[in-house]
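J.: Once you've had a glance at the structure underneath, I'll fire off some questions.
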Amino acid sequence: MGKIIIDPVTRIEGHLKIEAVTENGVVKETRSTGSLFRGIELILRGRDPRDAQRYVQRICGVCPTSHSMAATLNLDSAFGVDGKIPDNGRLLRNLILGAAHLADHILHFYHLCALDYVDVTKVVKYEGNNSALNSVKAFIQRGELGPFVPRYEGDYRLPDEIDQQAVAHYVQALEIRRKGQEMLSIFGGKMPHNCAIMPGGVTEVPTVDKIASFLWRLNEIRDFIDNVYIPDVLAVAGVYSDYFEIGQGCGNLLSYGSFDLETSETDLTKRQRLLKQGTVSTDLKLGEVDTSKITEAVKHSWYDDSTGGLHPSHGDTRPQPGKEGAYSWLKSPRYGGKVYEVGPLARVAVTYVAGNPTVKTLVDSVLSHFNAPPAALFSVLGRHAARALYTKLVADTMPEWLLQLKPGEPVYVDYEIPDESTGMGLVDAARGALGHWVEIKDQKIANYQCVVPSTWNFSPRDNDGQPGPVEQAITGTKIKDESNPVEIVRIVRSMDPCIACAVHLVTPKGRDLGEFRIC
Amino acid sequence: MATAKTVEIPVIWLQCATCTGCSVSVLNSVSPTIKNVLVDEVIPGRHINLRFHATVMAGAGDAVIEEMESTAQNEKGKYILVVEGAIPTSGTGKEYGSIGEHNEEPVSMIDRVESLGRDALAVIALGTCAAFGGIAAGEPNPSGCIGVGELFRRLNVTTPLVNIPGCAPHPDWFVGMVASVLLAGLPGPEDVDEHGRPKAFYGNLIHENCPRRAYFDEGKFAKAFSEPGCLNELGCKGPVTSADCPTRHWNNGVNWCIGSGSPCIGCVEPGFPDQLAPFYQKLTEEALPNIGSK
């Protein structure tokens, strides 16, 4: 028996620890631990509901835009304007959110994941005139290699030339993702933490110069996706093809869909979206989303056991650090009592089985490139491929939204804050299904709850002892070198953890806050 | 270009109770780019040697914790510590936030900031959470979050500290501060305001330089979002917020909060969020400062 502890897991958002128990080099048991607690939802109680859009973005500075979108949909419904958003408002929201997802997925592949596959030090052998590579070479020759060393050693398989090219693309991708955030700010105001997405629509108005400025940044990013990002994912997949069989996970996927194509339908599980809402498992059958099936278990989380099994709209959470048998600040969301994974793979797979022709063509072309069946999507490389194809689909659709904008027409509809109301906002964040719920009393937030993608994916065991998605994905994996457990971090990063998002706290109205101060 | 004379400046970047937004913002730096900052000599002859940053570093687990600890030990008084995020202090602190382990026991963020802070050349509290507690310290402050300055006062740590608040902070404010330290050394008391913020970036109220100021003076106010006019009635906190956003703008200058029709929420101020909220409620007359007297 061996024990591998990775603390901290780096190149992710937030504070995550992974513990794996091995026997004869194979992982027998895995524990995923979220180790930071802030309690943003508790901080929201008693505040002006409109402020929620600003607070929830501070849950996560990597994916704030998705939180602003979920909060806004949530408040749209609570304020009764969910069916009345002007078309310009809908389109600008899509463009802001789309820009966020493009920048985020490019960051994820190059800056959070690539160093698991790409050996930066091979650039020391570079003999060409690419200025980025020559400056990296000079950096290596100076001999101080932080932040690229220390690292796990051993399994860097890319041929020198492809490896060096990938390092050049790592540098180029820094610029491209930055331009994605610039594009977002043209309509969103600033990044991180946009200010323009608001209940009722957006605050920014489209003008021809902004549309052109957005379009040409988008064109540059699309060129990068088609000619750099997707070819790089395919190149890595070709050399590390065993990762189509590693990290399968729980085999159940859940998507809330993303990018509203209309706003007249107020049921967000039925609204027309570019990426579709639904569930799909390894049998590739499409299921409808029923939000009443969502519950959160706490048996292995540092919360009072009496609060387990509740639907998020009625969530109750009492922190209990040090609770026997618990090992994470993350709760365990389950759908119909079963373990579900969320993320780009889920929304691409759901849209694929729903029969979207563009997605079908994209996915089938990748599968046939590797002569692989759809089941191969449930893997480390399947997640990376789905993320890249999703990025392309969104980027290729954004010009249509841009050209549908009508300068001079409304972007916003005003409203009164109701004395009492409830709301729900569902949207796929970059990392997967994101749900916000609100209860308003006396025009103030009485209760606010978020169930976020990384809580689904990195959750601990539930009351039935079922391990969470990443725990299942790691368990059973053969670790070639236990002092360099690169297989584990590759699996973890394929699910793109965002742990600041995943740890949260809700309490029912009226609870004495003193009870929560531990020690 | 590489020379034997390059001076390496070790930097340890510690993420505490944070959303990582400060790091993401610094990635958006334009001139220099983040690649220039990390790989090139950001000031001729001087190279930022980023030894520890959990979001960008290649390694994971014990090896990176050892790298961080050995930097502190071997280069005492020579490294810059950047703290992003507030420090949770409820309980012993480690229940609510830890970084790495010793003998399978998590080490609290309090202990990390204290020990790395004591031995640093200087500490930069980056973002409003690290500077003043910020969002995580919003009422009822569930994890007892405080800023670095408050922690240092409690533990009697006397290492020089500069606050670069903002939620998120502008990348120019951070990169500009680092460049200034490399070129001219630590800022003197005359270079920072009463909240430890460099006057170069936080010296004027938003309201003083706001392009919508003429609307304010003429009494033309937006009544609903997306309308032209001063945003005062929609809750703008520009009159009580000190930062150069109106002239610097964000994200390579493409826009900024008020530019997009959205009121300033005062995210660089020590009282953020509680004293600046509700964000969309008009400031009272008493809160409006006497413009120009500052």
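Residues in the structure tokens are numbered from 1 in each chain, the chains being A, B, ... in the order shown, and ligands are numbered from 1 in the order shown.
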Let's see if you can do this: from backbone DSSP, list all strand (DSSP E or B) residues in region 418-462 of chain A, as a list in words.

T.: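 Answer for region 418-462 of chain A, restricted to strand (DSSP E or B): Glu420, Ser421, Thr422, Gly423, Met424, Gly425, Leu426, Val427, Asp428, Ala429, Gly432, Ala433, Leu434, Gly435, His436, Trp437, Val438, Glu439, Ile440, Lys441, Lys444, Ile445, Ala446, Asn447, Tyr448, Gln449, Cys450 and Val451 of chain A.
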
J.: Please provide the set of residues having any atom within 12 Å of Ala99 (chain A), restricted to only C-alpha atoms, with same-chain residues fewer than 3 positions apart removed, written as a PyMOL selection string.

T.: chain A and resi 63+65-66+92-96+102-106+176-188+191+194+214-215+217-219+221-222+259+391-392+394-399+402+430

J.: Got a sec: who's within 10 Å of Ile34 (chain B), counting only C-alpha atoms, leaving out chain neighbours fewer than 5 positions off, as a PyMOL selection string?

T.: (chain A and resi 171+174-175+178) or (chain B and resi 26-29+39-40+42+171+175)

J.: With distances taken over only C-alpha atoms, which residue among B:Ser70, B:Thr159, B:Thr241, B:Thr284 lies nearest Pro270 (chain B)?

T.: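 So, comparing all the options, the nearest one is B:Thr241.
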
J.: Using backbone DSSP assignments, extract all helix (DSSP H, G or I) residues from region 184-220 of chain B; output them as an mmCIF file with N, CA and C atoms, in the first residue's frame.

T.:
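New file out10.cif:
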data_model
loop_
_atom_site.group_PDB
_atom_site.id
_atom_site.type_symbol
_atom_site.label_atom_id
_atom_site.label_comp_id
_atom_site.auth_asym_id
_atom_site.auth_seq_id
_atom_site.Cartn_x
_atom_site.Cartn_y
_atom_site.Cartn_z
ATOM 1 N N ALA B 184 13.779 52.137 -7.907
ATOM 2 C CA ALA B 184 14.007 53.212 -6.931
ATOM 3 C C ALA B 184 13.914 52.751 -5.482
ATOM 4 N N PRO B 189 7.245 57.128 3.042
ATOM 5 C CA PRO B 189 5.935 57.498 3.592
ATOM 6 C C PRO B 189 5.242 58.572 2.762
ATOM 7 N N GLU B 190 6.033 59.418 2.092
ATOM 8 C CA GLU B 190 5.423 60.491 1.298
ATOM 9 C C GLU B 190 4.836 59.969 -0.011
ATOM 10 N N ASP B 191 5.183 58.715 -0.387
ATOM 11 C CA ASP B 191 4.704 58.167 -1.659
ATOM 12 C C ASP B 191 3.366 57.453 -1.538
ATOM 13 N N LYS B 199 0.372 56.888 -4.039
ATOM 14 C CA LYS B 199 -0.364 58.053 -4.538
ATOM 15 C C LYS B 199 -0.344 58.123 -6.064
ATOM 16 N N ALA B 200 0.693 57.517 -6.673
ATOM 17 C CA ALA B 200 0.797 57.567 -8.133
ATOM 18 C C ALA B 200 -0.438 56.990 -8.813
ATOM 19 N N PHE B 201 -1.078 56.028 -8.156
ATOM 20 C CA PHE B 201 -2.241 55.372 -8.768
ATOM 21 C C PHE B 201 -3.553 55.711 -8.063
ATOM 22 N N TYR B 202 -3.455 56.044 -6.786
ATOM 23 C CA TYR B 202 -4.676 56.229 -5.986
ATOM 24 C C TYR B 202 -4.771 57.663 -5.445
ATOM 25 N N ILE B 206 -12.100 59.335 -8.317
ATOM 26 C CA ILE B 206 -12.676 59.012 -9.631
ATOM 27 C C ILE B 206 -13.466 60.224 -10.140
ATOM 28 N N HIS B 207 -14.240 60.812 -9.255
ATOM 29 C CA HIS B 207 -15.147 61.907 -9.608
ATOM 30 C C HIS B 207 -14.394 63.113 -10.179
ATOM 31 N N GLU B 208 -13.152 63.319 -9.722
ATOM 32 C CA GLU B 208 -12.392 64.494 -10.173
ATOM 33 C C GLU B 208 -12.056 64.430 -11.657
ATOM 34 N N ASN B 209 -11.833 63.217 -12.151
ATOM 35 C CA ASN B 209 -11.411 63.070 -13.547
ATOM 36 C C ASN B 209 -12.442 62.346 -14.408
ATOM 37 N N ARG B 213 -18.275 63.958 -15.626
ATOM 38 C CA ARG B 213 -18.327 65.006 -14.622
ATOM 39 C C ARG B 213 -19.150 66.229 -15.094
ATOM 40 N N ALA B 214 -19.030 66.525 -16.383
ATOM 41 C CA ALA B 214 -19.774 67.690 -16.892
ATOM 42 C C ALA B 214 -21.276 67.494 -16.687
ATOM 43 N N TYR B 215 -21.770 66.270 -16.853
ATOM 44 C CA TYR B 215 -23.192 65.982 -16.607
ATOM 45 C C TYR B 215 -23.541 66.282 -15.149
ATOM 46 N N PHE B 216 -22.636 65.879 -14.242
ATOM 47 C CA PHE B 216 -22.880 66.119 -12.811
ATOM 48 C C PHE B 216 -23.000 67.617 -12.550
ATOM 49 N N ASP B 217 -22.039 68.371 -13.098
ATOM 50 C CA ASP B 217 -22.037 69.814 -12.856
ATOM 51 C C ASP B 217 -23.279 70.495 -13.437
ATOM 52 N N GLU B 218 -23.790 69.925 -14.552
ATOM 53 C CA GLU B 218 -24.984 70.506 -15.182
ATOM 54 C C GLU B 218 -26.272 69.911 -14.641
#

J.: Give me, as a PDB file with C-alpha atoms, in the first residue's frame, the contact residues of chain B against chain A at a cut-off of 7 Å, counting only C-alpha atoms.

T.:
ATOM      1  CA  MET B   1      19.500  39.541 -23.283  1.00  0.00           C
ATOM      2  CA  ALA B   2      21.074  37.077 -20.927  1.00  0.00           C
ATOM      3  CA  ALA B  17      -8.788  33.623   0.766  1.00  0.00           C
ATOM      4  CA  CYS B  19     -11.012  34.299  -5.996  1.00  0.00           C
ATOM      5  CA  THR B  20      -7.758  34.387  -8.074  1.00  0.00           C
ATOM      6  CA  GLY B  21      -9.094  37.485  -9.855  1.00  0.00           C
ATOM      7  CA  VAL B  24      -6.020  36.902 -13.675  1.00  0.00           C
ATOM      8  CA  SER B  25      -5.873  40.699 -13.806  1.00  0.00           C
ATOM      9  CA  ASN B  28      -3.796  41.042 -18.539  1.00  0.00           C
ATOM     10  CA  LYS B  35       5.609  36.971 -20.559  1.00  0.00           C
ATOM     11  CA  VAL B  39      10.715  35.408 -18.640  1.00  0.00           C
ATOM     12  CA  ASP B  40      12.536  38.590 -19.656  1.00  0.00           C
ATOM     13  CA  ASN B  49      12.133  35.056 -10.474  1.00  0.00           C
ATOM     14  CA  LEU B  50       8.671  33.774  -9.606  1.00  0.00           C
ATOM     15  CA  ARG B  51       9.443  30.862  -7.280  1.00  0.00           C
ATOM     16  CA  PHE B  52       5.922  30.141  -6.102  1.00  0.00           C
ATOM     17  CA  ALA B  54      -0.047  28.206  -7.377  1.00  0.00           C
ATOM     18  CA  THR B  55      -1.959  29.151 -10.537  1.00  0.00           C
ATOM     19  CA  VAL B  56       0.971  29.231 -12.956  1.00  0.00           C
ATOM     20  CA  MET B  57       3.755  27.040 -11.548  1.00  0.00           C
ATOM     21  CA  ALA B  58       4.544  23.729 -13.186  1.00  0.00           C
ATOM     22  CA  GLY B  59       5.038  21.648 -10.052  1.00  0.00           C
ATOM     23  CA  ALA B  60       2.590  20.526  -7.355  1.00  0.00           C
ATOM     24  CA  GLY B  61       2.554  19.066  -3.860  1.00  0.00           C
ATOM     25  CA  ASP B  62       5.488  18.864  -1.428  1.00  0.00           C
ATOM     26  CA  ALA B  63       8.118  19.865  -3.999  1.00  0.00           C
ATOM     27  CA  VAL B  64       6.621  23.319  -4.507  1.00  0.00           C
ATOM     28  CA  SER B  90     -11.617  32.124  12.769  1.00  0.00           C
ATOM     29  CA  GLY B  91     -10.680  29.238  15.023  1.00  0.00           C
ATOM     30  CA  GLU B  95      -9.808  25.073   9.487  1.00  0.00           C
ATOM     31  CA  TYR B  96     -10.843  27.769   7.003  1.00  0.00           C
ATOM     32  CA  GLY B  97      -7.742  28.059   4.865  1.00  0.00           C
ATOM     33  CA  SER B  98      -4.439  26.242   4.605  1.00  0.00           C
ATOM     34  CA  ILE B  99      -1.531  26.089   2.180  1.00  0.00           C
ATOM     35  CA  GLY B 100       0.442  22.855   1.975  1.00  0.00           C
ATOM     36  CA  GLU B 101       1.223  20.515   4.846  1.00  0.00           C
ATOM     37  CA  ALA B 136     -14.492  37.782   2.197  1.00  0.00           C
ATOM     38  CA  GLY B 138     -18.062  41.425   4.248  1.00  0.00           C
ATOM     39  CA  GLU B 139     -20.568  41.245   7.096  1.00  0.00           C
ATOM     40  CA  PRO B 140     -20.878  38.758   8.847  1.00  0.00           C
ATOM     41  CA  ASN B 141     -17.322  37.805   7.816  1.00  0.00           C
ATOM     42  CA  PRO B 142     -17.922  34.054   8.252  1.00  0.00           C
ATOM     43  CA  SER B 143     -14.251  33.015   8.298  1.00  0.00           C
ATOM     44  CA  ALA B 168      -9.545  43.298  -9.092  1.00  0.00           C
ATOM     45  CA  ALA B 224     -32.134  54.109 -15.556  1.00  0.00           C
ATOM     46  CA  PHE B 225     -29.212  51.955 -16.648  1.00  0.00           C
ATOM     47  CA  SER B 226     -27.935  52.412 -20.215  1.00  0.00           C
ATOM     48  CA  TRP B 250      -9.092  48.912 -18.209  1.00  0.00           C
ATOM     49  CA  ASN B 251      -8.092  45.965 -20.383  1.00  0.00           C
ATOM     50  CA  ASN B 252      -5.706  47.738 -22.712  1.00  0.00           C
ATOM     51  CA  VAL B 254     -10.900  49.544 -24.137  1.00  0.00           C
ATOM     52  CA  ASN B 255     -13.380  50.443 -21.379  1.00  0.00           C
ATOM     53  CA  TRP B 256     -13.987  50.869 -17.645  1.00  0.00           C
ATOM     54  CA  CYS B 257     -16.908  50.582 -15.246  1.00  0.00           C
ATOM     55  CA  GLY B 259     -17.518  53.928 -19.385  1.00  0.00           C
ATOM     56  CA  SER B 260     -19.849  50.954 -19.763  1.00  0.00           C
ATOM     57  CA  GLY B 261     -22.705  52.814 -18.065  1.00  0.00           C
ATOM     58  CA  SER B 262     -22.206  51.082 -14.734  1.00  0.00           C
ATOM     59  CA  PRO B 278     -25.811  48.984  -1.561  1.00  0.00           C
ATOM     60  CA  PHE B 279     -23.944  49.537  -4.807  1.00  0.00           C
TER      61      PHE B 279
END

J.: Residues within 10 Å of Phe272 (chain B), please, as a PDB file with N, CA and C atoms, in the first residue's frame. Count only C-alpha atoms; anything in the same chain fewer than 4 positions from it doesn't count.

T.:
ATOM      1  N   THR B 128      -8.018  44.123  -2.880  1.00  0.00           N
ATOM      2  CA  THR B 128      -8.667  44.677  -1.697  1.00  0.00           C
ATOM      3  C   THR B 128      -8.760  43.655  -0.559  1.00  0.00           C
ATOM      4  N   CYS B 129      -8.883  42.363  -0.877  1.00  0.00           N
ATOM      5  CA  CYS B 129      -8.952  41.346   0.187  1.00  0.00           C
ATOM      6  C   CYS B 129      -7.643  41.317   0.977  1.00  0.00           C
ATOM      7  N   PHE B 132      -7.253  44.929   2.769  1.00  0.00           N
ATOM      8  CA  PHE B 132      -8.170  45.365   3.834  1.00  0.00           C
ATOM      9  C   PHE B 132      -9.175  44.292   4.281  1.00  0.00           C
ATOM     10  N   GLY B 133      -9.137  43.097   3.709  1.00  0.00           N
ATOM     11  CA  GLY B 133     -10.140  42.066   4.030  1.00  0.00           C
ATOM     12  C   GLY B 133     -11.124  41.846   2.893  1.00  0.00           C
ATOM     13  N   GLY B 134     -11.591  42.956   2.302  1.00  0.00           N
ATOM     14  CA  GLY B 134     -12.378  42.880   1.056  1.00  0.00           C
ATOM     15  C   GLY B 134     -13.660  42.075   1.172  1.00  0.00           C
ATOM     16  N   ILE B 135     -14.029  41.470   0.057  1.00  0.00           N
ATOM     17  CA  ILE B 135     -15.291  40.744  -0.061  1.00  0.00           C
ATOM     18  C   ILE B 135     -15.446  39.665   1.019  1.00  0.00           C
ATOM     19  N   ALA B 137     -14.379  39.558   3.869  1.00  0.00           N
ATOM     20  CA  ALA B 137     -14.596  40.137   5.196  1.00  0.00           C
ATOM     21  C   ALA B 137     -15.930  40.891   5.272  1.00  0.00           C
ATOM     22  N   GLY B 138     -16.743  40.789   4.220  1.00  0.00           N
ATOM     23  CA  GLY B 138     -18.062  41.425   4.248  1.00  0.00           C
ATOM     24  C   GLY B 138     -18.890  40.850   5.398  1.00  0.00           C
ATOM     25  N   GLY B 166      -8.008  46.928  -5.032  1.00  0.00           N
ATOM     26  CA  GLY B 166      -8.801  46.888  -6.267  1.00  0.00           C
ATOM     27  C   GLY B 166      -9.419  45.513  -6.364  1.00  0.00           C
ATOM     28  N   CYS B 167     -10.645  45.471  -6.836  1.00  0.00           N
ATOM     29  CA  CYS B 167     -11.312  44.170  -6.918  1.00  0.00           C
ATOM     30  C   CYS B 167     -11.848  44.000  -8.331  1.00  0.00           C
ATOM     31  N   ILE B 265     -18.252  51.076  -7.898  1.00  0.00           N
ATOM     32  CA  ILE B 265     -18.678  50.488  -6.620  1.00  0.00           C
ATOM     33  C   ILE B 265     -17.618  50.675  -5.533  1.00  0.00           C
ATOM     34  N   GLY B 266     -16.594  51.460  -5.829  1.00  0.00           N
ATOM     35  CA  GLY B 266     -15.611  51.796  -4.791  1.00  0.00           C
ATOM     36  C   GLY B 266     -14.721  50.645  -4.376  1.00  0.00           C
ATOM     37  N   CYS B 267     -14.331  49.791  -5.339  1.00  0.00           N
ATOM     38  CA  CYS B 267     -13.684  48.526  -4.979  1.00  0.00           C
ATOM     39  C   CYS B 267     -12.254  48.684  -4.464  1.00  0.00           C
ATOM     40  N   VAL B 268     -11.666  49.871  -4.537  1.00  0.00           N
ATOM     41  CA  VAL B 268     -10.292  50.052  -4.027  1.00  0.00           C
ATOM     42  C   VAL B 268     -10.281  50.591  -2.596  1.00  0.00           C
ATOM     43  N   LEU B 276     -19.578  50.660   1.069  1.00  0.00           N
ATOM     44  CA  LEU B 276     -19.894  51.145  -0.271  1.00  0.00           C
ATOM     45  C   LEU B 276     -21.230  50.579  -0.770  1.00  0.00           C
ATOM     46  N   ALA B 277     -21.793  49.616  -0.047  1.00  0.00           N
ATOM     47  CA  ALA B 277     -23.047  48.983  -0.446  1.00  0.00           C
ATOM     48  C   ALA B 277     -24.216  49.665   0.263  1.00  0.00           C
TER      49      ALA B 277
END

J.: To one decimal place, how far is CA of Thr30 (chain A) from CA of Glu471 (chain A) in Å?

T.: 5.1 Å

J.: Quick one: residues within 10 Å of Gly149 (chain B), only C-alpha atoms, excluding same-chain residues fewer than 2 positions away - as a list in words?

T.: Val123, Ala125, Ala130, Ala131, Phe132, Gly133, Ile146, Gly147, Leu151, Phe152, Arg153, Arg154, Leu155, Val157, Thr158, Pro160, Leu161, Val162, Asn163, His195 and Gly196 of chain B

J.: For Thr455 (chain A), list every protein, DNA or RNA residue within 6 Å, evaluated using only C-alpha atoms, and leave out those in the same chain fewer than 3 positions away; present the list as a ChimeraX atom specification.

T.: /A:330,452,458-459,502

J.: Using C-alpha atoms, can you write the selected residues to a file as a short mmCIF file (atom, residue, chain, number, x, y, z; two decimals), in the first residue's frame?

T.:
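Output (selection-v9.cif):
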data_model
loop_
_atom_site.label_atom_id
_atom_site.label_comp_id
_atom_site.auth_asym_id
_atom_site.auth_seq_id
_atom_site.Cartn_x
_atom_site.Cartn_y
_atom_site.Cartn_z
CA LEU A 330 -17.19 20.79 -0.69
CA VAL A 452 -21.32 25.29 -8.98
CA PHE A 458 -14.70 17.53 -7.04
CA SER A 459 -17.27 16.52 -4.45
CA ALA A 502 -16.99 25.09 -5.01
#

J.: Could you please determine the separation between CA of Val107 (chain B) and CA of Thr33 (chain A) in Å, to one decimal place?

T.: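 So the answer is 14.6 Å.
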
J.: One decimal, Å: what's the distance from CA of His170 (chain B) over to CA of Ala122 (chain B), could you say?

T.: 20.1 Å

J.: Excluding Val26 (chain A) and residues on its chain fewer than 6 positions from it, collect all residues at most 6 Å away from it, counting only C-alpha atoms, and give them as a tab-separated table (two decimals) with C-alpha atoms, in the first residue's frame.

T.:
chain	number	residue	atom	x	y	z
A	476	GLY	CA	-8.26	2.46	-10.83
A	477	THR	CA	-5.55	4.46	-12.57
A	478	LYS	CA	-2.09	2.91	-12.82
A	479	ILE	CA	0.59	5.25	-11.49
